[in-house]
$ cat final-v5.pdb   # PDB, C-alpha atoms and all ligand atoms
ATOM      1  CA  MET A   1     194.243 -71.851  -6.304  1.00  0.00           C
ATOM      2  CA  SER A   2     190.679 -71.668  -5.029  1.00  0.00           C
ATOM      3  CA  LEU A   3     188.067 -73.771  -6.630  1.00  0.00           C
ATOM      4  CA  PRO A   4     184.477 -73.076  -5.685  1.00  0.00           C
ATOM      5  CA  LEU A   5     182.565 -76.298  -5.280  1.00  0.00           C
ATOM      6  CA  VAL A   6     178.971 -75.250  -5.140  1.00  0.00           C
ATOM      7  CA  PRO A   7     176.431 -77.928  -5.898  1.00  0.00           C
ATOM      8  CA  PRO A   8     174.097 -77.207  -8.779  1.00  0.00           C
ATOM      9  CA  ARG A   9     170.442 -76.289  -8.128  1.00  0.00           C
ATOM     10  CA  ARG A  10     170.928 -75.697  -4.417  1.00  0.00           C
ATOM     11  CA  ASP A  11     170.691 -72.335  -2.751  1.00  0.00           C
ATOM     12  CA  PRO A  12     173.238 -71.225  -0.118  1.00  0.00           C
ATOM     13  CA  ALA A  13     170.679 -71.466   2.706  1.00  0.00           C
ATOM     14  CA  ALA A  14     170.108 -75.152   1.942  1.00  0.00           C
ATOM     15  CA  LEU A  15     173.875 -75.675   1.854  1.00  0.00           C
ATOM     16  CA  GLU A  16     174.213 -74.247   5.371  1.00  0.00           C
ATOM     17  CA  ALA A  17     171.312 -76.247   6.754  1.00  0.00           C
ATOM     18  CA  LEU A  18     172.577 -79.670   5.670  1.00  0.00           C
ATOM     19  CA  PRO A  19     175.297 -81.421   7.671  1.00  0.00           C
ATOM     20  CA  ALA A  20     177.052 -82.658   4.513  1.00  0.00           C
ATOM     21  CA  PRO A  21     175.275 -82.026   1.236  1.00  0.00           C
ATOM     22  CA  ASP A  22     175.185 -84.940  -1.165  1.00  0.00           C
ATOM     23  CA  LEU A  23     177.548 -83.403  -3.724  1.00  0.00           C
ATOM     24  CA  PRO A  24     178.211 -85.362  -6.917  1.00  0.00           C
ATOM     25  CA  HIS A  25     182.001 -85.282  -6.420  1.00  0.00           C
ATOM     26  CA  PRO A  26     182.811 -83.990  -2.938  1.00  0.00           C
ATOM     27  CA  VAL A  27     186.397 -83.634  -1.807  1.00  0.00           C
ATOM     28  CA  VAL A  28     186.980 -86.165   0.961  1.00  0.00           C
ATOM     29  CA  GLY A  29     190.045 -86.381   3.153  1.00  0.00           C
ATOM     30  CA  TRP A  30     191.459 -87.801   6.373  1.00  0.00           C
ATOM     31  CA  ARG A  31     191.789 -85.794   9.567  1.00  0.00           C
ATOM     32  CA  THR A  32     191.966 -86.168  13.338  1.00  0.00           C
ATOM     33  CA  TRP A  33     189.933 -84.963  16.286  1.00  0.00           C
ATOM     34  CA  ARG A  34     190.076 -85.381  20.016  1.00  0.00           C
ATOM     35  CA  VAL A  35     187.049 -86.771  21.779  1.00  0.00           C
ATOM     36  CA  GLY A  36     186.007 -85.456  25.155  1.00  0.00           C
ATOM     37  CA  ARG A  37     187.134 -87.234  28.312  1.00  0.00           C
ATOM     38  CA  ARG A  38     184.727 -85.726  30.834  1.00  0.00           C
ATOM     39  CA  ALA A  39     181.109 -86.884  30.962  1.00  0.00           C
ATOM     40  CA  GLN A  40     179.583 -83.696  29.481  1.00  0.00           C
ATOM     41  CA  ARG A  41     182.006 -83.692  26.534  1.00  0.00           C
ATOM     42  CA  ARG A  42     182.199 -87.387  25.704  1.00  0.00           C
ATOM     43  CA  ALA A  43     180.065 -87.013  22.570  1.00  0.00           C
ATOM     44  CA  GLU A  44     182.093 -84.111  21.138  1.00  0.00           C
ATOM     45  CA  LEU A  45     184.591 -84.082  18.288  1.00  0.00           C
ATOM     46  CA  VAL A  46     187.158 -81.413  19.116  1.00  0.00           C
ATOM     47  CA  ALA A  47     189.656 -79.902  16.658  1.00  0.00           C
ATOM     48  CA  PRO A  48     193.028 -80.894  18.157  1.00  0.00           C
ATOM     49  CA  LEU A  49     194.866 -77.613  17.507  1.00  0.00           C
ATOM     50  CA  ALA A  50     192.110 -75.002  17.778  1.00  0.00           C
ATOM     51  CA  GLY A  51     190.337 -76.831  20.630  1.00  0.00           C
ATOM     52  CA  VAL A  52     186.992 -75.980  19.026  1.00  0.00           C
ATOM     53  CA  THR A  53     184.114 -78.459  19.198  1.00  0.00           C
ATOM     54  CA  TRP A  54     182.732 -79.364  15.784  1.00  0.00           C
ATOM     55  CA  PRO A  55     178.977 -78.734  15.601  1.00  0.00           C
ATOM     56  CA  SER A  56     176.650 -81.678  15.174  1.00  0.00           C
ATOM     57  CA  ARG A  57     174.036 -81.830  12.417  1.00  0.00           C
ATOM     58  CA  HIS A  58     175.435 -78.557  11.005  1.00  0.00           C
ATOM     59  CA  PRO A  59     178.536 -78.001   8.927  1.00  0.00           C
ATOM     60  CA  MET A  60     181.726 -76.884  10.588  1.00  0.00           C
ATOM     61  CA  ILE A  61     182.491 -73.485   9.049  1.00  0.00           C
ATOM     62  CA  ALA A  62     186.054 -72.191   8.930  1.00  0.00           C
ATOM     63  CA  SER A  63     186.959 -68.918  10.636  1.00  0.00           C
ATOM     64  CA  CYS A  64     190.005 -66.696  10.411  1.00  0.00           C
ATOM     65  CA  GLY A  65     191.472 -63.891  12.522  1.00  0.00           C
ATOM     66  CA  SER A  66     191.953 -61.807   9.388  1.00  0.00           C
ATOM     67  CA  ALA A  67     189.036 -59.675   8.224  1.00  0.00           C
ATOM     68  CA  ARG A  68     190.636 -59.296   4.786  1.00  0.00           C
ATOM     69  CA  HIS A  69     189.380 -62.558   3.360  1.00  0.00           C
ATOM     70  CA  THR A  70     186.890 -65.328   3.944  1.00  0.00           C
ATOM     71  CA  PRO A  71     188.527 -68.670   4.802  1.00  0.00           C
ATOM     72  CA  PRO A  72     190.347 -70.442   3.318  1.00  0.00           C
ATOM     73  CA  GLY A  73     192.633 -67.591   2.270  1.00  0.00           C
ATOM     74  CA  ASP A  74     195.056 -68.257  -0.564  1.00  0.00           C
ATOM     75  CA  ARG A  75     198.020 -66.895   1.402  1.00  0.00           C
ATOM     76  CA  CYS A  76     196.740 -67.783   4.876  1.00  0.00           C
ATOM     77  CA  ARG A  77     196.754 -70.982   6.924  1.00  0.00           C
ATOM     78  CA  CYS A  78     193.060 -70.804   7.764  1.00  0.00           C
ATOM     79  CA  GLY A  79     190.414 -73.309   6.697  1.00  0.00           C
ATOM     80  CA  LEU A  80     189.371 -76.803   7.681  1.00  0.00           C
ATOM     81  CA  TYR A  81     192.160 -79.235   6.903  1.00  0.00           C
ATOM     82  CA  ALA A  82     192.074 -82.745   5.493  1.00  0.00           C
ATOM     83  CA  VAL A  83     194.765 -84.849   3.804  1.00  0.00           C
ATOM     84  CA  SER A  84     194.775 -87.529   1.113  1.00  0.00           C
ATOM     85  CA  ASP A  85     197.379 -89.787   2.811  1.00  0.00           C
ATOM     86  CA  PRO A  86     196.502 -90.662   6.423  1.00  0.00           C
ATOM     87  CA  GLY A  87     200.228 -91.245   7.035  1.00  0.00           C
ATOM     88  CA  SER A  88     200.836 -87.496   6.711  1.00  0.00           C
ATOM     89  CA  LEU A  89     198.547 -86.582   9.645  1.00  0.00           C
ATOM     90  CA  GLU A  90     200.068 -85.063  12.751  1.00  0.00           C
ATOM     91  CA  TRP A  91     199.233 -86.521  16.155  1.00  0.00           C
ATOM     92  CA  GLY A  92     199.445 -85.240  19.699  1.00  0.00           C
ATOM     93  CA  ILE A  93     200.022 -87.307  22.803  1.00  0.00           C
ATOM     94  CA  SER A  94     196.402 -87.831  23.863  1.00  0.00           C
ATOM     95  CA  ASP A  95     195.024 -91.380  23.770  1.00  0.00           C
ATOM     96  CA  HIS A  96     191.643 -89.754  23.038  1.00  0.00           C
ATOM     97  CA  GLU A  97     192.582 -88.726  19.504  1.00  0.00           C
ATOM     98  CA  VAL A  98     190.537 -90.298  16.724  1.00  0.00           C
ATOM     99  CA  LEU A  99     190.860 -90.674  12.965  1.00  0.00           C
ATOM    100  CA  GLY A 100     188.160 -89.892  10.448  1.00  0.00           C
ATOM    101  CA  VAL A 101     187.108 -88.972   6.957  1.00  0.00           C
ATOM    102  CA  VAL A 102     185.486 -85.612   6.248  1.00  0.00           C
ATOM    103  CA  ALA A 103     183.583 -84.206   3.290  1.00  0.00           C
ATOM    104  CA  LEU A 104     184.830 -80.754   2.286  1.00  0.00           C
ATOM    105  CA  TRP A 105     182.845 -78.275   0.272  1.00  0.00           C
ATOM    106  CA  GLY A 106     182.222 -74.584  -0.365  1.00  0.00           C
ATOM    107  CA  GLN A 107     185.533 -72.826  -1.049  1.00  0.00           C
ATOM    108  CA  ILE A 108     188.521 -75.194  -1.239  1.00  0.00           C
ATOM    109  CA  VAL A 109     192.250 -74.510  -1.509  1.00  0.00           C
ATOM    110  CA  GLU A 110     194.428 -77.425  -2.582  1.00  0.00           C
ATOM    111  CA  GLY A 111     197.854 -77.819  -0.960  1.00  0.00           C
ATOM    112  CA  GLY A 112     200.724 -80.299  -1.051  1.00  0.00           C
ATOM    113  CA  ARG A 113     199.236 -82.816   1.369  1.00  0.00           C
ATOM    114  CA  GLY A 114     195.530 -82.149   0.953  1.00  0.00           C
ATOM    115  CA  TRP A 115     193.034 -79.364   1.200  1.00  0.00           C
ATOM    116  CA  ARG A 116     191.748 -76.432   3.288  1.00  0.00           C
ATOM    117  CA  ALA A 117     188.024 -75.799   3.011  1.00  0.00           C
ATOM    118  CA  SER A 118     185.378 -73.369   4.155  1.00  0.00           C
ATOM    119  CA  HIS A 119     182.852 -76.111   5.044  1.00  0.00           C
ATOM    120  CA  ALA A 120     183.288 -79.634   6.375  1.00  0.00           C
ATOM    121  CA  TYR A 121     181.408 -82.445   8.039  1.00  0.00           C
ATOM    122  CA  PRO A 122     182.570 -85.883   9.222  1.00  0.00           C
ATOM    123  CA  ARG A 123     181.649 -88.904   7.110  1.00  0.00           C
ATOM    124  CA  PHE A 124     182.805 -91.510   9.586  1.00  0.00           C
ATOM    125  CA  VAL A 125     185.079 -91.762  12.602  1.00  0.00           C
ATOM    126  CA  LEU A 126     187.460 -94.512  13.735  1.00  0.00           C
ATOM    127  CA  THR A 127     188.285 -94.730  17.421  1.00  0.00           C
ATOM    128  CA  GLY A 128     190.949 -96.838  19.091  1.00  0.00           C
ATOM    129  CA  PRO A 129     190.316 -99.636  21.596  1.00  0.00           C
ATOM    130  CA  SER A 130     190.639 -97.203  24.544  1.00  0.00           C
ATOM    131  CA  ILE A 131     187.310 -95.543  23.614  1.00  0.00           C
ATOM    132  CA  ALA A 132     184.357 -97.468  25.075  1.00  0.00           C
ATOM    133  CA  GLY A 133     181.482 -98.684  22.910  1.00  0.00           C
ATOM    134  CA  GLU A 134     179.105 -96.466  24.834  1.00  0.00           C
ATOM    135  CA  GLN A 135     181.128 -93.363  23.899  1.00  0.00           C
ATOM    136  CA  ARG A 136     181.245 -94.463  20.239  1.00  0.00           C
ATOM    137  CA  ALA A 137     177.458 -94.829  20.270  1.00  0.00           C
ATOM    138  CA  ALA A 138     177.027 -91.372  21.836  1.00  0.00           C
ATOM    139  CA  LEU A 139     179.288 -89.784  19.196  1.00  0.00           C
ATOM    140  CA  SER A 140     177.440 -91.578  16.407  1.00  0.00           C
ATOM    141  CA  ARG A 141     174.045 -90.453  17.742  1.00  0.00           C
ATOM    142  CA  ARG A 142     175.163 -86.851  18.129  1.00  0.00           C
ATOM    143  CA  TYR A 143     176.801 -86.456  14.705  1.00  0.00           C
ATOM    144  CA  GLY A 144     174.580 -88.888  12.805  1.00  0.00           C
ATOM    145  CA  VAL A 145     177.548 -90.685  11.223  1.00  0.00           C
ATOM    146  CA  PRO A 146     179.091 -94.140  11.766  1.00  0.00           C
ATOM    147  CA  VAL A 147     181.724 -94.355  14.492  1.00  0.00           C
ATOM    148  CA  HIS A 148     183.738 -97.544  14.070  1.00  0.00           C
ATOM    149  CA  ARG A 149     186.043 -99.324  16.490  1.00  0.00           C
ATOM    150  CA  SER A 150     189.616 -99.935  15.433  1.00  0.00           C
ATOM    151  CA  GLU A 151     191.506-102.692  17.271  1.00  0.00           C
ATOM    152  CA  VAL A 152     194.646-100.617  16.704  1.00  0.00           C
ATOM    153  CA  PRO A 153     195.255 -97.092  18.128  1.00  0.00           C
ATOM    154  CA  PRO A 154     194.278 -94.526  15.439  1.00  0.00           C
ATOM    155  CA  ARG A 155     197.791 -93.131  15.016  1.00  0.00           C
ATOM    156  CA  ASP A 156     199.096 -96.636  14.224  1.00  0.00           C
ATOM    157  CA  LEU A 157     196.080 -97.351  12.044  1.00  0.00           C
ATOM    158  CA  ALA A 158     196.859 -94.213  10.006  1.00  0.00           C
ATOM    159  CA  ALA A 159     200.419 -95.522   9.447  1.00  0.00           C
ATOM    160  CA  LEU A 160     199.119 -98.965   8.415  1.00  0.00           C
ATOM    161  CA  LEU A 161     196.613 -97.365   6.027  1.00  0.00           C
ATOM    162  CA  SER A 162     199.385 -95.268   4.531  1.00  0.00           C
ATOM    163  CA  ASP A 163     201.127 -98.534   3.519  1.00  0.00           C
ATOM    164  CA  GLU A 164     197.997 -99.561   1.599  1.00  0.00           C
ATOM    165  CA  PRO A 165     196.934 -96.496  -0.419  1.00  0.00           C
ATOM    166  CA  ALA A 166     194.359 -98.397  -2.496  1.00  0.00           C
ATOM    167  CA  VAL A 167     192.607 -99.663   0.646  1.00  0.00           C
ATOM    168  CA  ALA A 168     192.852 -96.238   2.303  1.00  0.00           C
ATOM    169  CA  ASP A 169     191.224 -94.688  -0.768  1.00  0.00           C
ATOM    170  CA  ARG A 170     188.452 -97.311  -0.751  1.00  0.00           C
ATOM    171  CA  LEU A 171     187.688 -96.232   2.816  1.00  0.00           C
ATOM    172  CA  ARG A 172     187.971 -92.538   2.009  1.00  0.00           C
ATOM    173  CA  HIS A 173     185.613 -92.704  -0.971  1.00  0.00           C
ATOM    174  CA  GLY A 174     183.465 -95.605   0.215  1.00  0.00           C
ATOM    175  CA  LYS A 175     179.860 -95.327   1.231  1.00  0.00           C
ATOM    176  CA  ASP A 176     178.753 -96.689   4.626  1.00  0.00           C
ATOM    177  CA  GLY A 177     178.377-100.326   3.581  1.00  0.00           C
ATOM    178  CA  GLU A 178     181.733-100.462   1.838  1.00  0.00           C
ATOM    179  CA  VAL A 179     183.559 -98.870   4.766  1.00  0.00           C
ATOM    180  CA  GLU A 180     182.219-101.617   7.034  1.00  0.00           C
ATOM    181  CA  THR A 181     183.178-104.324   4.529  1.00  0.00           C
ATOM    182  CA  VAL A 182     186.749-103.018   4.146  1.00  0.00           C
ATOM    183  CA  LEU A 183     187.184-102.659   7.910  1.00  0.00           C
ATOM    184  CA  ALA A 184     185.886-106.186   8.553  1.00  0.00           C
ATOM    185  CA  GLU A 185     188.226-107.561   5.868  1.00  0.00           C
ATOM    186  CA  ARG A 186     191.386-105.716   6.814  1.00  0.00           C
ATOM    187  CA  MET A 187     191.172-105.161  10.589  1.00  0.00           C
ATOM    188  CA  PRO A 188     192.446-108.669  11.526  1.00  0.00           C
ATOM    189  CA  VAL A 189     195.469-108.145   9.213  1.00  0.00           C
ATOM    190  CA  TRP A 190     196.201-104.671  10.604  1.00  0.00           C
ATOM    191  CA  THR A 191     195.850-105.934  14.163  1.00  0.00           C
ATOM    192  CA  GLN A 192     198.316-108.750  13.474  1.00  0.00           C
ATOM    193  CA  ARG A 193     200.794-106.342  11.808  1.00  0.00           C
ATOM    194  CA  TRP A 194     200.488-103.931  14.700  1.00  0.00           C
ATOM    195  CA  HIS A 195     201.200-106.691  17.262  1.00  0.00           C
ATOM    196  CA  ASP A 196     204.179-107.871  15.168  1.00  0.00           C
ATOM    197  CA  ARG A 197     205.591-104.332  14.902  1.00  0.00           C
ATOM    198  CA  ARG A 198     205.165-103.795  18.620  1.00  0.00           C
ATOM    199  CA  ALA A 199     206.827-107.104  19.438  1.00  0.00           C
ATOM    200  CA  ARG A 200     209.790-106.167  17.195  1.00  0.00           C
ATOM    201  CA  ALA A 201     210.016-102.690  18.756  1.00  0.00           C
ATOM    202  CA  GLU A 202     209.902-104.145  22.256  1.00  0.00           C
ATOM    203  CA  ALA A 203     212.575-106.712  21.417  1.00  0.00           C
ATOM    204  CA  ALA A 204     214.753-103.929  19.976  1.00  0.00           C
ATOM    205  CA  ALA A 205     214.213-101.846  23.121  1.00  0.00           C
ATOM    206  CA  ARG A 206     215.236-104.764  25.341  1.00  0.00           C
ATOM    207  CA  ARG A 207     218.415-105.606  23.399  1.00  0.00           C
ATOM    208  CA  PRO A 208     220.772-102.784  24.524  1.00  0.00           C
ATOM    209  CA  ARG A 209     219.832-103.387  28.145  1.00  0.00           C
ATOM    210  CA  ALA A 210     220.637-107.114  27.813  1.00  0.00           C
ATOM    211  CA  ILE A 211     224.062-106.271  26.358  1.00  0.00           C
ATOM    212  CA  LEU A 212     224.637-103.769  29.132  1.00  0.00           C
ATOM    213  CA  ALA A 213     223.634-106.345  31.747  1.00  0.00           C
ATOM    214  CA  GLY A 214     226.017-108.869  30.159  1.00  0.00           C
ATOM    215  CA  ARG A 215     228.909-106.410  30.303  1.00  0.00           C
ATOM    216  CA  TRP A 216     228.063-105.614  33.861  1.00  0.00           C
ATOM    217  CA  ARG A 217     228.371-109.256  34.862  1.00  0.00           C
ATOM    218  CA  ARG A 218     231.658-109.717  33.018  1.00  0.00           C
ATOM    219  CA  SER A 219     233.440-106.758  34.543  1.00  0.00           C
TER     220      SER A 219
HETATM  221 ZN    ZN B 301     192.814 -66.690   6.889  1.00  0.00          ZN
END
$ encode --input "final-v5.pdb" --output "structure tokens"
Amino acid sequence: MSLPLVPPRRDPAALEALPAPDLPHPVVGWRTWRVGRRAQRRAELVAPLAGVTWPSRHPMIASCGSARHTPPGDRCRCGLYAVSDPGSLEWGISDHEVLGVVALWGQIVEGGRGWRASHAYPRFVLTGPSIAGEQRAALSRRYGVPVHRSEVPPRDLAALLSDEPAVADRLRHGKDGEVETVLAERMPVWTQRWHDRRARAEAAARRPRAILAGRWRRS
């Protein structure tokens, strides 16, 4: 099912020119990017699978190898993806992956986990502790959106957010001020939970080796 979400009283040229038009009820979802590692690409948000850099101050517009339809095609996999539950995102192995919320507009196809859209632009980005403040500032300047620091790696943050759907939705739908408030409120709790989970995982990883060592001594 395609539902055209074209804002009233706005011509298509204006839609293209704005990074993220102020739609009355935009579709907003979670997604991931990679951020550049090398100096020239440090301020770039890169689509993890396609490897394409998202433009700054202009909407990202979906493309498709098929000339038979304009993205997102009903029976195609093309379009710009976002999901409603951050726990359903897929992650690679890079420690330079980041989490964010995007506004989707234009042509939108709804799927099981979220949406595929023709147009998208980031609303805010959350980077893990391995991304320096200077790189966050450069990303924020380039894209004109807030780039927040998470004390927890983004993949783990997405899992923690998935356990708190109401909080995740407050972030997803929140305006700038509210996003900051929620992050300030919840980040200490998430950080503590993350440390606890890691400590439990590390203890579990140590256990079989301790048993093995014990057996070794006895034999
Ligand atoms: Zn397609």
$ axis_aligned_box --input "final-v5.pdb" --around "region 171-179 of chain A" --padding-each-side "3 Å" --output "AutoDock Vina command-line options"
--center_x 183.2 --center_y -96.5 --center_z 1.9 --size_x 15.6 --size_y 13.9 --size_z 11.7
$ residues_around --input "final-v5.pdb" --residues "Ala137 (chain A)" --least-positions-apart "6" --cutoff "12 Å" --atoms "only C-alpha atoms" --output "number ranges by chain"
A: 42-44, 125-127, 131, 143-149
$ residues_near_ligand --input "final-v5.pdb" --ligand "ligand ZN 301 (chain B)" --cutoff "6 Å" --atoms "only C-alpha atoms and all ligand atoms" --output "PyMOL selection string"
chain A and resi 64+66+71-73+76-78
$ residues_around --input "final-v5.pdb" --residues "region 160-162 of chain A" --least-positions-apart "4" --cutoff "6 Å" --atoms "only C-alpha atoms" --output "PyMOL selection string"
chain A and resi 86-87+168
$ atom_distance --input "final-v5.pdb" --atom1 "CA of Gly111 (chain A)" --atom2 "CA of Asp163 (chain A)"
21.4 Å
$ closest_residue --input "final-v5.pdb" --among "A:Ser88, A:Ser140, A:Glu97, A:Pro26" --to "Leu49 (chain A)" --atoms "all atoms listed in the file"
A:Glu97
$ resolve_selection --input "final-v5.pdb" --expression "the PyMOL selection byres (((chain A and resi 153) around 12) and not hetatm)" --output "VMD selection string"
chain A and resid 91 93 to 99 126 to 131 149 to 152 154 to 160 187 190 to 191 194 to 195 198
$ atom_distance --input "final-v5.pdb" --atom1 "CA of Val83 (chain A)" --atom2 "CA of Arg116 (chain A)"
9.0 Å
$ resolve_selection --input "final-v5.pdb" --expression "the PyMOL selection byres (((chain A and resi 27) around 7) and not hetatm)" --output "PyMOL selection string"
chain A and resi 25-26+28-29+103-105
$ resolve_selection --input "final-v5.pdb" --expression "the PyMOL selection byres (((chain A and resi 107) around 6) and not hetatm)" --output "PyMOL selection string"
chain A and resi 4+106+108+117-118
$ atom_distance --input "final-v5.pdb" --atom1 "CA of Asp85 (chain A)" --atom2 "CA of Thr181 (chain A)"
20.4 Å
$ closest_residue --input "final-v5.pdb" --among "A:Trp30, A:Pro48, A:Ala67, A:Gly36" --to "Gly114 (chain A)" --atoms "only C-alpha atoms"
A:Trp30
$ decode --input "final-v5.pdb" --residues "region 166-175 of chain A" --atoms "all heavy atoms" --output "PDB file, in the first residue's frame"
ATOM      1  N   ALA A 166       7.604   3.209  25.272  1.00  0.00           N
ATOM      2  CA  ALA A 166       7.007   4.538  25.485  1.00  0.00           C
ATOM      3  C   ALA A 166       8.087   5.621  25.448  1.00  0.00           C
ATOM      4  O   ALA A 166       7.888   6.700  24.869  1.00  0.00           O
ATOM      5  CB  ALA A 166       6.263   4.576  26.811  1.00  0.00           C
ATOM      6  N   VAL A 167       9.247   5.319  26.030  1.00  0.00           N
ATOM      7  CA  VAL A 167      10.353   6.285  26.034  1.00  0.00           C
ATOM      8  C   VAL A 167      10.922   6.422  24.622  1.00  0.00           C
ATOM      9  O   VAL A 167      11.199   7.535  24.155  1.00  0.00           O
ATOM     10  CB  VAL A 167      11.457   5.848  27.027  1.00  0.00           C
ATOM     11  CG1 VAL A 167      12.626   6.816  26.996  1.00  0.00           C
ATOM     12  CG2 VAL A 167      10.896   5.738  28.437  1.00  0.00           C
ATOM     13  N   ALA A 168      11.057   5.275  23.933  1.00  0.00           N
ATOM     14  CA  ALA A 168      11.568   5.305  22.556  1.00  0.00           C
ATOM     15  C   ALA A 168      10.659   6.154  21.669  1.00  0.00           C
ATOM     16  O   ALA A 168      11.132   6.930  20.836  1.00  0.00           O
ATOM     17  CB  ALA A 168      11.682   3.879  22.009  1.00  0.00           C
ATOM     18  N   ASP A 169       9.346   6.028  21.875  1.00  0.00           N
ATOM     19  CA  ASP A 169       8.404   6.815  21.076  1.00  0.00           C
ATOM     20  C   ASP A 169       8.447   8.300  21.439  1.00  0.00           C
ATOM     21  O   ASP A 169       8.249   9.154  20.572  1.00  0.00           O
ATOM     22  CB  ASP A 169       6.978   6.267  21.226  1.00  0.00           C
ATOM     23  CG  ASP A 169       6.756   5.012  20.382  1.00  0.00           C
ATOM     24  OD1 ASP A 169       7.659   4.678  19.573  1.00  0.00           O
ATOM     25  OD2 ASP A 169       5.701   4.374  20.525  1.00  0.00           O
ATOM     26  N   ARG A 170       8.700   8.594  22.724  1.00  0.00           N
ATOM     27  CA  ARG A 170       8.859  10.017  23.102  1.00  0.00           C
ATOM     28  C   ARG A 170      10.044  10.620  22.364  1.00  0.00           C
ATOM     29  O   ARG A 170      10.002  11.757  21.921  1.00  0.00           O
ATOM     30  CB  ARG A 170       9.084  10.146  24.612  1.00  0.00           C
ATOM     31  CG  ARG A 170       7.811  10.353  25.403  1.00  0.00           C
ATOM     32  CD  ARG A 170       8.151  10.455  26.878  1.00  0.00           C
ATOM     33  NE  ARG A 170       8.708  11.771  27.242  1.00  0.00           N
ATOM     34  CZ  ARG A 170       9.339  12.001  28.391  1.00  0.00           C
ATOM     35  NH1 ARG A 170       9.519  11.032  29.265  1.00  0.00           N
ATOM     36  NH2 ARG A 170       9.800  13.210  28.664  1.00  0.00           N
ATOM     37  N   LEU A 171      11.113   9.854  22.239  1.00  0.00           N
ATOM     38  CA  LEU A 171      12.298  10.334  21.506  1.00  0.00           C
ATOM     39  C   LEU A 171      11.982  10.474  20.020  1.00  0.00           C
ATOM     40  O   LEU A 171      12.325  11.458  19.378  1.00  0.00           O
ATOM     41  CB  LEU A 171      13.472   9.373  21.669  1.00  0.00           C
ATOM     42  CG  LEU A 171      14.221   9.383  22.988  1.00  0.00           C
ATOM     43  CD1 LEU A 171      15.300   8.311  22.979  1.00  0.00           C
ATOM     44  CD2 LEU A 171      14.857  10.748  23.248  1.00  0.00           C
ATOM     45  N   ARG A 172      11.307   9.458  19.483  1.00  0.00           N
ATOM     46  CA  ARG A 172      11.035   9.428  18.048  1.00  0.00           C
ATOM     47  C   ARG A 172      10.144  10.607  17.647  1.00  0.00           C
ATOM     48  O   ARG A 172      10.377  11.230  16.623  1.00  0.00           O
ATOM     49  CB  ARG A 172      10.364   8.089  17.701  1.00  0.00           C
ATOM     50  CG  ARG A 172      10.007   7.914  16.248  1.00  0.00           C
ATOM     51  CD  ARG A 172       9.924   6.433  15.906  1.00  0.00           C
ATOM     52  NE  ARG A 172       8.841   5.753  16.579  1.00  0.00           N
ATOM     53  CZ  ARG A 172       7.652   5.478  16.009  1.00  0.00           C
ATOM     54  NH1 ARG A 172       7.426   5.829  14.768  1.00  0.00           N
ATOM     55  NH2 ARG A 172       6.731   4.837  16.689  1.00  0.00           N
ATOM     56  N   HIS A 173       9.137  10.910  18.454  1.00  0.00           N
ATOM     57  CA  HIS A 173       8.201  11.965  18.092  1.00  0.00           C
ATOM     58  C   HIS A 173       8.546  13.306  18.713  1.00  0.00           C
ATOM     59  O   HIS A 173       7.915  14.310  18.393  1.00  0.00           O
ATOM     60  CB  HIS A 173       6.773  11.573  18.495  1.00  0.00           C
ATOM     61  CG  HIS A 173       6.273  10.372  17.755  1.00  0.00           C
ATOM     62  ND1 HIS A 173       5.960  10.405  16.416  1.00  0.00           N
ATOM     63  CD2 HIS A 173       6.060   9.086  18.160  1.00  0.00           C
ATOM     64  CE1 HIS A 173       5.566   9.199  16.032  1.00  0.00           C
ATOM     65  NE2 HIS A 173       5.632   8.380  17.062  1.00  0.00           N
ATOM     66  N   GLY A 174       9.535  13.311  19.619  1.00  0.00           N
ATOM     67  CA  GLY A 174       9.823  14.529  20.378  1.00  0.00           C
ATOM     68  C   GLY A 174      10.496  15.603  19.547  1.00  0.00           C
ATOM     69  O   GLY A 174      11.227  15.317  18.611  1.00  0.00           O
ATOM     70  N   LYS A 175      10.228  16.826  19.901  1.00  0.00           N
ATOM     71  CA  LYS A 175      10.951  17.947  19.305  1.00  0.00           C
ATOM     72  C   LYS A 175      12.296  18.073  20.044  1.00  0.00           C
ATOM     73  O   LYS A 175      12.523  17.408  21.061  1.00  0.00           O
ATOM     74  CB  LYS A 175      10.134  19.239  19.436  1.00  0.00           C
ATOM     75  CG  LYS A 175       8.794  19.180  18.695  1.00  0.00           C
ATOM     76  CD  LYS A 175       8.985  19.295  17.182  1.00  0.00           C
ATOM     77  CE  LYS A 175       7.666  19.076  16.443  1.00  0.00           C
ATOM     78  NZ  LYS A 175       7.848  18.588  15.075  1.00  0.00           N
TER      79      LYS A 175
END
